[in-house]
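Pasted below: coords-v3.tsv, TSV, C-alpha atoms.
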chain	number	residue	atom	x	y	z
A	245	MET	CA	0.00	0.00	0.00
A	246	SER	CA	1.28	3.40	-0.85
A	247	ALA	CA	2.35	5.81	1.85
A	248	ILE	CA	3.11	9.50	2.07
A	249	ASN	CA	5.70	11.07	4.34
A	250	TYR	CA	5.37	14.85	4.53
A	251	ALA	CA	8.45	15.17	6.75
A	252	SER	CA	10.83	13.59	4.22
A	253	LYS	CA	8.68	14.63	1.23
A	254	GLU	CA	8.47	11.08	-0.07
A	255	ILE	CA	5.74	8.88	-1.50
A	256	TYR	CA	6.22	5.10	-1.43
A	257	PHE	CA	4.83	2.41	-3.70
A	258	LYS	CA	5.24	-1.36	-3.82
A	259	ILE	CA	5.25	-3.13	-7.19
A	260	VAL	CA	5.28	-6.93	-7.38
A	261	TYR	CA	6.45	-8.92	-10.43
A	262	TYR	CA	4.32	-12.06	-10.56
A	263	GLY	CA	4.24	-15.02	-12.94
A	264	PRO	CA	5.26	-18.63	-13.56
A	265	GLY	CA	8.67	-19.98	-12.57
A	266	MET	CA	11.63	-19.13	-14.83
A	267	GLY	CA	9.47	-16.64	-16.74
A	268	GLY	CA	11.83	-13.68	-16.35
A	269	LYS	CA	10.67	-11.79	-13.24
A	270	THR	CA	14.14	-11.67	-11.72
A	271	SER	CA	15.62	-10.81	-15.14
A	272	ASN	CA	13.43	-7.69	-15.20
A	273	LEU	CA	14.82	-6.53	-11.86
A	274	GLN	CA	18.38	-7.40	-12.84
A	275	TYR	CA	18.12	-5.37	-16.04
A	276	ILE	CA	16.58	-2.41	-14.23
A	277	HIS	CA	19.29	-2.56	-11.58
A	278	LYS	CA	22.00	-2.66	-14.24
A	279	SER	CA	20.55	0.17	-16.31
A	280	ILE	CA	19.31	2.76	-13.87
A	281	PRO	CA	21.61	5.58	-12.70
A	282	GLN	CA	23.45	4.90	-9.43
A	283	ASP	CA	21.77	7.78	-7.59
A	284	ASN	CA	18.30	6.36	-8.24
A	285	LYS	CA	18.74	2.83	-6.96
A	286	GLY	CA	19.50	0.81	-3.87
A	287	ASN	CA	20.94	-2.68	-3.63
A	288	LEU	CA	19.30	-5.57	-5.43
A	289	VAL	CA	18.64	-8.22	-2.80
A	290	SER	CA	17.97	-11.76	-4.03
A	291	LEU	CA	16.88	-14.58	-1.79
A	292	ALA	CA	17.56	-17.39	-4.22
A	293	THR	CA	18.61	-21.03	-4.19
A	294	ASP	CA	21.98	-22.21	-5.51
A	295	ALA	CA	20.28	-22.93	-8.82
A	296	ASP	CA	19.21	-19.27	-9.20
A	297	ARG	CA	15.59	-20.00	-8.44
A	298	THR	CA	13.92	-17.34	-6.33
A	299	LEU	CA	13.29	-18.81	-2.89
A	300	PHE	CA	11.52	-15.96	-1.13
A	301	PHE	CA	11.76	-12.75	-3.14
A	302	ASP	CA	14.03	-10.32	-4.96
A	303	PHE	CA	13.92	-6.73	-3.83
A	304	LEU	CA	15.04	-3.54	-5.53
A	305	PRO	CA	14.35	-0.05	-4.14
A	306	LEU	CA	14.24	2.79	-6.70
A	307	ASP	CA	13.85	6.56	-6.58
A	308	ALA	CA	11.90	7.96	-9.49
A	309	VAL	CA	12.11	11.51	-10.76
A	310	LYS	CA	11.23	14.21	-8.28
A	311	ILE	CA	7.83	15.73	-9.00
A	312	HIS	CA	6.66	18.91	-7.33
A	313	GLY	CA	9.09	18.53	-4.47
A	314	PHE	CA	8.12	14.95	-3.66
A	315	THR	CA	10.42	12.02	-4.35
A	316	THR	CA	8.47	8.99	-5.48
A	317	LYS	CA	10.07	5.83	-4.15
A	318	PHE	CA	9.24	2.46	-5.64
A	319	GLN	CA	10.04	-0.89	-4.12
A	320	LEU	CA	10.12	-3.68	-6.69
A	321	TYR	CA	9.62	-7.26	-5.52
A	322	THR	CA	9.43	-10.57	-7.33
A	323	VAL	CA	7.66	-13.65	-6.04
A	324	PRO	CA	8.96	-17.21	-6.33
A	325	GLY	CA	7.21	-18.68	-9.37
A	326	GLN	CA	7.35	-22.34	-8.45
A	327	VAL	CA	3.93	-23.77	-7.62
A	328	HIS	CA	4.82	-25.09	-4.15
A	329	TYR	CA	5.95	-21.69	-2.85
A	330	ASN	CA	2.46	-20.23	-2.61
A	331	ALA	CA	2.75	-19.30	1.07
A	332	THR	CA	5.69	-17.01	0.32
A	333	ARG	CA	3.99	-15.54	-2.76
A	334	LYS	CA	1.10	-14.50	-0.56
A	335	LEU	CA	3.43	-12.85	1.95
A	336	VAL	CA	5.18	-10.80	-0.71
A	337	LEU	CA	1.84	-9.45	-1.98
A	338	ARG	CA	1.15	-7.78	1.36
A	339	GLY	CA	0.84	-4.02	0.84
A	340	VAL	CA	1.11	-4.27	-2.96
A	341	ASP	CA	0.14	-1.22	-5.06
A	342	GLY	CA	0.58	-2.63	-8.54
A	343	VAL	CA	1.47	-5.88	-10.28
A	344	VAL	CA	3.47	-6.76	-13.37
A	345	PHE	CA	2.43	-10.21	-14.55
A	346	VAL	CA	5.36	-11.70	-16.47
A	347	ALA	CA	4.12	-14.47	-18.77
A	348	ASP	CA	6.40	-16.90	-20.58
A	349	SER	CA	5.64	-16.73	-24.34
A	350	GLN	CA	6.76	-20.30	-25.08
A	351	TRP	CA	3.96	-22.61	-26.26
A	352	ASP	CA	4.70	-25.25	-23.64
A	353	LYS	CA	4.30	-22.70	-20.82
A	354	MET	CA	0.69	-21.70	-21.54
A	355	ARG	CA	-0.81	-23.88	-18.83
A	356	GLU	CA	1.68	-22.49	-16.27
A	357	ASN	CA	0.84	-18.94	-17.33
A	358	ILE	CA	-2.87	-19.50	-16.79
A	359	GLU	CA	-2.38	-21.29	-13.48
A	360	SER	CA	-0.10	-18.56	-12.22
A	361	PHE	CA	-2.55	-15.84	-13.29
A	362	ARG	CA	-5.40	-17.59	-11.48
A	363	ASN	CA	-3.18	-18.06	-8.46
A	364	MET	CA	-2.39	-14.32	-8.48
A	365	GLU	CA	-6.09	-13.53	-8.57
A	366	GLU	CA	-6.74	-15.83	-5.61
A	367	ASN	CA	-3.86	-14.47	-3.57
A	368	LEU	CA	-4.84	-10.85	-4.21
A	369	GLN	CA	-8.31	-11.73	-3.05
A	370	GLU	CA	-6.84	-12.64	0.33
A	371	TYR	CA	-5.95	-8.96	0.69
A	372	ASP	CA	-9.41	-7.92	-0.55
A	373	PHE	CA	-8.15	-6.89	-3.96
A	374	GLY	CA	-10.01	-7.83	-7.13
A	375	LEU	CA	-8.32	-7.48	-10.50
A	376	ASP	CA	-10.61	-4.55	-11.28
A	377	GLU	CA	-9.26	-2.66	-8.29
A	378	ILE	CA	-5.52	-3.14	-8.45
A	379	PRO	CA	-3.44	-1.68	-11.28
A	380	TYR	CA	-1.64	-4.38	-13.25
A	381	VAL	CA	0.06	-4.77	-16.60
A	382	LEU	CA	1.00	-7.85	-18.62
A	383	GLN	CA	4.42	-8.59	-20.02
A	384	TYR	CA	4.79	-11.35	-22.62
A	385	ASN	CA	8.40	-12.29	-22.14
A	386	LYS	CA	10.95	-14.41	-24.01
A	387	ARG	CA	9.95	-13.14	-27.46
A	388	ASP	CA	13.41	-14.22	-28.66
A	389	MET	CA	12.76	-17.93	-28.11
A	390	ASP	CA	11.93	-20.33	-30.96
A	391	LYS	CA	8.56	-21.87	-30.19
A	392	ILE	CA	6.49	-18.96	-28.98
A	393	ALA	CA	2.80	-18.17	-29.10
A	394	PRO	CA	1.69	-15.06	-31.04
A	395	VAL	CA	0.98	-12.00	-28.89
A	396	ASP	CA	-2.68	-12.13	-29.98
A	397	TYR	CA	-3.00	-15.60	-28.52
A	398	LEU	CA	-1.45	-14.47	-25.21
A	399	GLU	CA	-3.86	-11.55	-25.19
A	400	PHE	CA	-6.72	-13.99	-25.75
A	401	LEU	CA	-5.57	-16.12	-22.82
A	402	LEU	CA	-4.62	-13.46	-20.28
A	403	ASN	CA	-6.12	-10.13	-21.31
A	404	LYS	CA	-9.75	-10.93	-21.95
A	405	ARG	CA	-11.41	-9.15	-19.06
A	406	ASP	CA	-13.88	-6.31	-19.74
A	407	ILE	CA	-11.17	-3.76	-19.13
A	408	ARG	CA	-8.11	-4.64	-21.18
A	409	VAL	CA	-4.85	-3.76	-19.43
A	410	PRO	CA	-1.63	-2.54	-21.07
A	411	SER	CA	0.60	-5.34	-22.34
A	412	PHE	CA	4.18	-5.50	-23.58
A	413	ALA	CA	6.10	-8.02	-25.70
A	414	SER	CA	9.50	-8.27	-24.08
A	415	ILE	CA	12.92	-9.83	-23.94
A	416	ALA	CA	13.79	-9.08	-20.33
A	417	THR	CA	17.37	-10.35	-20.48
A	418	GLU	CA	18.10	-7.80	-23.23
A	419	GLY	CA	16.00	-5.07	-21.69
A	420	GLU	CA	13.39	-4.94	-24.44
A	421	SER	CA	10.21	-3.36	-23.02
A	422	VAL	CA	11.52	-3.64	-19.46
A	423	PHE	CA	11.43	0.12	-18.83
A	424	ASP	CA	8.19	0.58	-20.79
A	425	THR	CA	6.57	-1.93	-18.45
A	426	LEU	CA	8.02	-0.29	-15.34
A	427	ASN	CA	7.00	3.21	-16.43
A	428	LYS	CA	3.48	2.11	-17.27
A	429	ILE	CA	2.80	0.37	-13.95
A	430	SER	CA	4.36	3.32	-12.08
A	431	LYS	CA	2.01	5.72	-13.82
A	432	LEU	CA	-0.98	3.49	-13.09
A	433	VAL	CA	-0.28	3.28	-9.35
A	434	LEU	CA	0.20	7.05	-9.14
A	435	HIS	CA	-3.07	7.52	-10.99
A	436	ARG	CA	-4.83	5.22	-8.57
A	437	LEU	CA	-3.51	7.09	-5.54
A	438	ASN	CA	-4.65	10.34	-7.13
A	439	THR	CA	-8.15	8.93	-7.63
A	440	GLU	CA	-8.28	7.78	-4.03
A	441	MET	CA	-7.07	11.11	-2.70
A	442	LYS	CA	-9.68	12.96	-4.74
A	443	ALA	CA	-12.41	10.68	-3.39
A	444	ALA	CA	-11.24	11.34	0.19
A	445	LYS	CA	-11.46	15.13	-0.20
B	105	MET	CA	-9.57	-1.79	-0.03
B	106	ALA	CA	-7.88	1.54	0.72
B	107	ASN	CA	-4.73	1.99	-1.25
B	108	CYS	CA	-2.96	4.56	0.87
B	109	GLY	CA	-1.41	2.77	3.85
B	110	PHE	CA	-0.42	5.77	5.93
B	111	ILE	CA	0.12	9.50	5.71
B	112	LEU	CA	2.82	10.79	8.02
B	113	LEU	CA	2.89	14.47	8.84
B	114	GLU	CA	5.97	16.24	10.15
B	115	GLU	CA	4.53	16.25	13.66
B	116	ASP	CA	3.97	12.45	13.51
B	117	VAL	CA	7.57	11.88	12.46
B	118	LYS	CA	8.78	14.18	15.27
B	119	GLN	CA	6.72	12.31	17.87
B	120	ILE	CA	7.83	8.89	16.62
B	121	SER	CA	11.46	10.08	16.70
B	122	GLU	CA	11.06	11.22	20.30
B	123	VAL	CA	9.56	7.88	21.36
B	124	LEU	CA	12.36	5.97	19.62
B	125	GLY	CA	14.97	8.35	21.08
B	126	ASP	CA	13.70	7.61	24.61
B	127	PHE	CA	13.83	3.89	23.85
B	128	LEU	CA	17.46	4.13	22.74
B	129	LYS	CA	18.40	6.09	25.88
B	130	GLU	CA	16.72	3.58	28.18
B	131	THR	CA	18.08	0.47	26.52
B	132	ASP	CA	21.48	1.50	25.11
B	133	ALA	CA	20.48	-0.11	21.81
B	134	LYS	CA	22.30	1.24	18.75
B	135	SER	CA	19.36	1.92	16.49
B	136	CYS	CA	15.67	1.37	16.23
B	137	LEU	CA	13.43	1.15	13.18
B	138	VAL	CA	9.68	1.24	12.70
B	139	ILE	CA	8.70	-0.82	9.67
B	140	ASP	CA	5.45	-1.33	7.80
B	141	ARG	CA	4.65	-5.04	7.44
B	142	GLY	CA	4.64	-4.60	3.69
B	143	GLY	CA	8.40	-3.91	3.97
B	144	GLN	CA	8.46	-0.11	3.98
B	145	LEU	CA	10.66	1.77	6.44
B	146	ILE	CA	8.58	4.26	8.43
B	147	ALA	CA	11.12	5.79	10.82
B	148	ILE	CA	14.62	5.24	12.15
B	149	GLU	CA	16.55	6.63	15.09
B	150	GLY	CA	20.12	6.05	16.19
B	151	ASP	CA	23.16	4.93	14.27
B	152	SER	CA	22.07	4.36	10.66
B	153	ALA	CA	25.00	5.61	8.61
B	154	THR	CA	26.30	2.15	7.74
B	155	LEU	CA	22.92	0.45	7.40
B	156	ASP	CA	21.11	-0.31	4.16
B	157	THR	CA	17.82	0.55	5.84
B	158	MET	CA	15.62	-0.13	2.80
B	159	SER	CA	16.85	-3.70	2.38
B	160	LEU	CA	16.86	-4.22	6.14
B	161	SER	CA	13.20	-3.22	6.37
B	162	ALA	CA	12.12	-5.41	3.45
B	163	LEU	CA	14.00	-8.42	4.80
B	164	ALA	CA	12.84	-7.94	8.41
B	165	ALA	CA	9.21	-7.69	7.27
B	166	GLY	CA	9.68	-10.83	5.16
B	167	ALA	CA	11.33	-12.75	8.01
B	168	PHE	CA	8.64	-11.71	10.49
B	169	ALA	CA	5.87	-12.63	8.07
B	170	SER	CA	7.42	-16.02	7.50
B	171	THR	CA	7.67	-16.72	11.25
B	172	ARG	CA	3.98	-15.85	11.47
B	173	GLU	CA	3.25	-18.64	9.01
B	174	ILE	CA	5.46	-20.98	11.05
B	175	ALA	CA	3.48	-19.98	14.15
B	176	ARG	CA	0.24	-20.85	12.40
B	177	LEU	CA	1.61	-24.25	11.43
B	178	VAL	CA	2.30	-25.06	15.08
B	179	GLY	CA	-1.06	-23.74	16.25
B	180	GLU	CA	-0.02	-20.24	17.40
B	181	THR	CA	-1.50	-16.99	16.07
B	182	GLU	CA	1.83	-15.23	15.88
B	183	PHE	CA	5.24	-15.20	17.50
B	184	THR	CA	5.30	-11.65	18.81
B	185	VAL	CA	9.08	-11.39	18.94
B	186	LEU	CA	11.82	-12.45	16.57
B	187	PHE	CA	15.34	-12.41	18.01
B	188	HIS	CA	18.57	-13.02	16.11
B	189	LYS	CA	21.78	-13.30	18.08
B	190	GLY	CA	24.97	-12.51	16.25
B	191	ARG	CA	28.58	-12.56	17.43
B	192	LYS	CA	28.56	-8.83	18.14
B	193	GLU	CA	25.30	-7.43	16.86
B	194	HIS	CA	21.83	-8.68	17.63
B	195	ILE	CA	18.39	-7.79	16.39
B	196	HIS	CA	15.02	-7.85	18.11
B	197	VAL	CA	11.91	-7.52	15.92
B	198	SER	CA	8.56	-7.17	17.62
B	199	HIS	CA	4.87	-6.71	16.90
B	200	VAL	CA	3.53	-3.14	17.15
B	201	ASP	CA	0.13	-3.61	15.53
B	202	ASP	CA	-1.36	-5.59	12.64
B	203	ASP	CA	0.46	-3.42	10.09
B	204	THR	CA	3.60	-2.33	11.91
B	205	LEU	CA	6.80	-3.82	13.34
B	206	MET	CA	9.61	-2.41	15.42
B	207	MET	CA	13.22	-3.50	15.09
B	208	ALA	CA	16.02	-2.81	17.59
B	209	ILE	CA	19.66	-3.36	16.71
B	210	PHE	CA	21.96	-3.70	19.71
B	211	ASP	CA	25.30	-5.07	20.87
B	212	ASP	CA	26.67	-6.40	24.15
B	213	LYS	CA	26.33	-3.04	25.90
B	214	THR	CA	22.79	-4.13	26.70
B	215	THR	CA	20.80	-7.34	26.90
B	216	VAL	CA	17.87	-8.86	25.06
B	217	GLY	CA	15.91	-8.75	28.34
B	218	ILE	CA	16.28	-4.96	28.65
B	219	VAL	CA	15.47	-4.43	24.96
B	220	SER	CA	12.44	-6.67	25.21
B	221	LEU	CA	11.18	-5.00	28.38
B	222	TYR	CA	11.37	-1.43	27.07
B	223	SER	CA	10.08	-2.47	23.64
B	224	ARG	CA	6.69	-3.25	25.09
B	225	GLU	CA	6.00	0.33	26.21
B	226	THR	CA	7.50	1.78	23.03
B	227	GLU	CA	5.36	-0.50	20.85
B	228	LYS	CA	2.20	0.82	22.54
B	229	GLN	CA	3.18	4.44	21.95
B	230	ILE	CA	4.14	3.79	18.33
B	231	ALA	CA	0.88	1.91	17.77
B	232	LEU	CA	-1.12	4.95	18.89
B	233	LEU	CA	0.81	7.28	16.59
B	234	MET	CA	0.58	4.93	13.62
B	235	LYS	CA	-3.16	4.48	14.15
B	236	LYS	CA	-3.61	8.21	13.53
B	237	SER	CA	-1.48	8.18	10.41
B	238	ARG	CA	-3.19	5.09	8.98
B	239	GLU	CA	-6.64	6.58	9.50
B	240	ARG	CA	-5.69	9.82	7.76
B	241	ARG	CA	-7.08	9.72	4.21
B	242	ASN	CA	-5.94	13.01	2.72
B	243	VAL	CA	-4.05	16.16	3.51
B	244	ASN	CA	-4.30	19.43	1.66
B	245	GLY	CA	-1.24	20.73	-0.07
B	246	LEU	CA	-0.17	17.97	-2.41
B	247	ASP	CA	-1.47	18.11	-5.96
B	248	PHE	CA	-1.64	14.51	-7.07
B	249	GLY	CA	-3.19	15.49	-10.39
B	250	ALA	CA	0.05	17.30	-11.23
B	251	LEU	CA	2.05	14.26	-10.15
B	252	VAL	CA	0.11	12.01	-12.48
B	253	SER	CA	0.29	14.32	-15.49
B	254	ASP	CA	4.07	14.43	-15.23
B	255	SER	CA	4.56	10.72	-14.70
B	256	ASP	CA	5.04	9.35	-18.23
B	257	ASN	CA	8.69	8.45	-17.91
B	258	MET	CA	9.48	8.20	-14.25
B	259	PHE	CA	12.44	5.91	-14.81
B	260	LYS	CA	15.15	6.49	-17.36
B	261	GLN	CA	18.04	4.29	-18.36
B	262	LYS	CA	21.62	5.49	-17.87
B	263	ASP	CA	22.31	5.96	-21.55
B	264	ALA	CA	18.86	7.38	-22.39

Structure rendered as C-alpha cells:
Amino acid sequence: MSAINYASKEIYFKIVYYGPGMGGKTSNLQYIHKSIPQDNKGNLVSLATDADRTLFFDFLPLDAVKIHGFTTKFQLYTVPGQVHYNATRKLVLRGVDGVVFVADSQWDKMRENIESFRNMEENLQEYDFGLDEIPYVLQYNKRDMDKIAPVDYLEFLLNKRDIRVPSFASIATEGESVFDTLNKISKLVLHRLNTEMKAAK
Amino acid sequence: MANCGFILLEEDVKQISEVLGDFLKETDAKSCLVIDRGGQLIAIEGDSATLDTMSLSALAAGAFASTREIARLVGETEFTVLFHKGRKEHIHVSHVDDDTLMMAIFDDKTTVGIVSLYSRETEKQIALLMKKSRERRNVNGLDFGALVSDSDNMFKQKDA
C-alpha cells in the first residue's frame, strides 16, 4: 500500500512482479538494476537457491524523478514462481500497489501462465483486492525464443477481461520493453492514488 | 480496499522520533526502526550511517511474516518477537500492531531482556501514533493530479 511522508517529502509504492517460474521476473529486476543511474537505486537483494531459483523474493528499491518537491520511491519485488511456494507468494503481496504479470511466451508454458494468473487472482483476493481494483500490466516475455505463441494468442488467454490492461512483448534479459513496463505500472499506481485522494477530499 | 497505507505528517515523524529516542536512551540499543509489514521503512533513530535501511526493512518484514506462518503451522497466532543473536550485533523484531513492526539493533552493551522489556511500552506508543497516520485519508497541499500528469517516464536508463 502506498504511503506518504510529509516530513521527508516522499511517496512510497510497492510493485510486485508475478508469474510462472523461470518466466523472467528476476531478469526484469536485474536489467533495471543494471541500467538505472546509481543515484536512483539501492541494492538488489535476491533470496535465491543455488540454482538461481527465487526462494523468497528479490527486492530492488528505486527513486523515481522528483515531481513537485516529492520524491516517489518504488520498491520492486518478485515472487517465487514455483507452484509449491504459494505461502511465500502470498506474503510478498502484502501491501502491494501494482502488479506486473510476467508471462512466458513459449507454447509449452501456456498452462503455467494460466495457473499462475489464477493463483495471483486468488492471492490478491486474500488482501481484498479484485483485478478490477488493483493496477496491473502484462508482459509477454521471451519473445526471442523459438517456439512462442503469437501475442494475440497471449492476449486472448490473459487479457480478456472487460477492461483490457496494457501489455508489452519483451525480452527481459536484453531489456526490451523492461522500462516501458516499469514506467506504465508506475504511472498506473500514481493515478490510482490520485483517484483515491480525490475521493477522500 | 484503501490503497494509501499511511500519511505521516511532520509532527507524527517528530513524535515517533522522540519515542524511539527515549527507547534508545533507556536500553542502550544502537538503532531502532519502525517498519510497515509490507516492507516499507517508516522511521529510524540512532546509528544508521552504515545500514542499508531499505533492504533491512524489506527483509525484516519478510522474516517476520514467514515466522507468522510458522506460528500458524504449530497452532499459534503469531510469535510476537523475533530475536537473532549474532557474534557482536543482535536484532530484536517485535509486533507493534497488525500493520507495523519495530526492530532494535543492539550489541553487548545491553541485553535482550532490557530491549524486550522497554520495547513493550515503546510498541504501545508507536501503535497509537501509527493508528492516527493510517486513518488519515488526505491532507491538503499535495497536488496529485500534477504528479500524475508528469509521470510518463518516471524511470530512465543510464544511456537514455

| Residue nearest Lys353 of chain A among A:Met245, A:Ile276, A:Leu398, A:Lys310 (counting all atoms listed in the file) | A:Leu398

| task | Find the residues near Lys213 of chain B: any atom within 10 Å, counting all atoms listed in the file, skip ones fewer than 3 places away on the same chain, and give them as a PyMOL selection string. | result | chain B and resi 131-134+192+210

| field | Within-6 Å shell of (5.3, 8.4, 16.9) in input frame, all atoms listed in the file, as a list in words | value | Asp116, Gln119, Ile120, Ile230 and Leu233 of chain B

Mind writing the picked residues with C-alpha atoms as a PDB file, in the coordinates of the input?
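Result file is selection27.pdb:
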ATOM      1  CA  ASP B 116       3.970  12.450  13.510  1.00  0.00           C
ATOM      2  CA  GLN B 119       6.720  12.310  17.870  1.00  0.00           C
ATOM      3  CA  ILE B 120       7.830   8.890  16.620  1.00  0.00           C
ATOM      4  CA  ILE B 230       4.140   3.790  18.330  1.00  0.00           C
ATOM      5  CA  LEU B 233       0.810   7.280  16.590  1.00  0.00           C
TER       6      LEU B 233
END

| Proximal residues of chain B relative to chain A (all atoms listed in the file; 7 Å) as a ChimeraX atom specification | /B:105,107-114,117,142,169,241-242,248-249,251-252,255-262

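Every protein, DNA or RNA residue with an atom at most 6 Å from Val260 of chain A, where all atoms listed in the file count and chain neighbours fewer than 4 positions away do not, is listed here: A:Leu320, A:Tyr321, A:Thr322, A:Val343.
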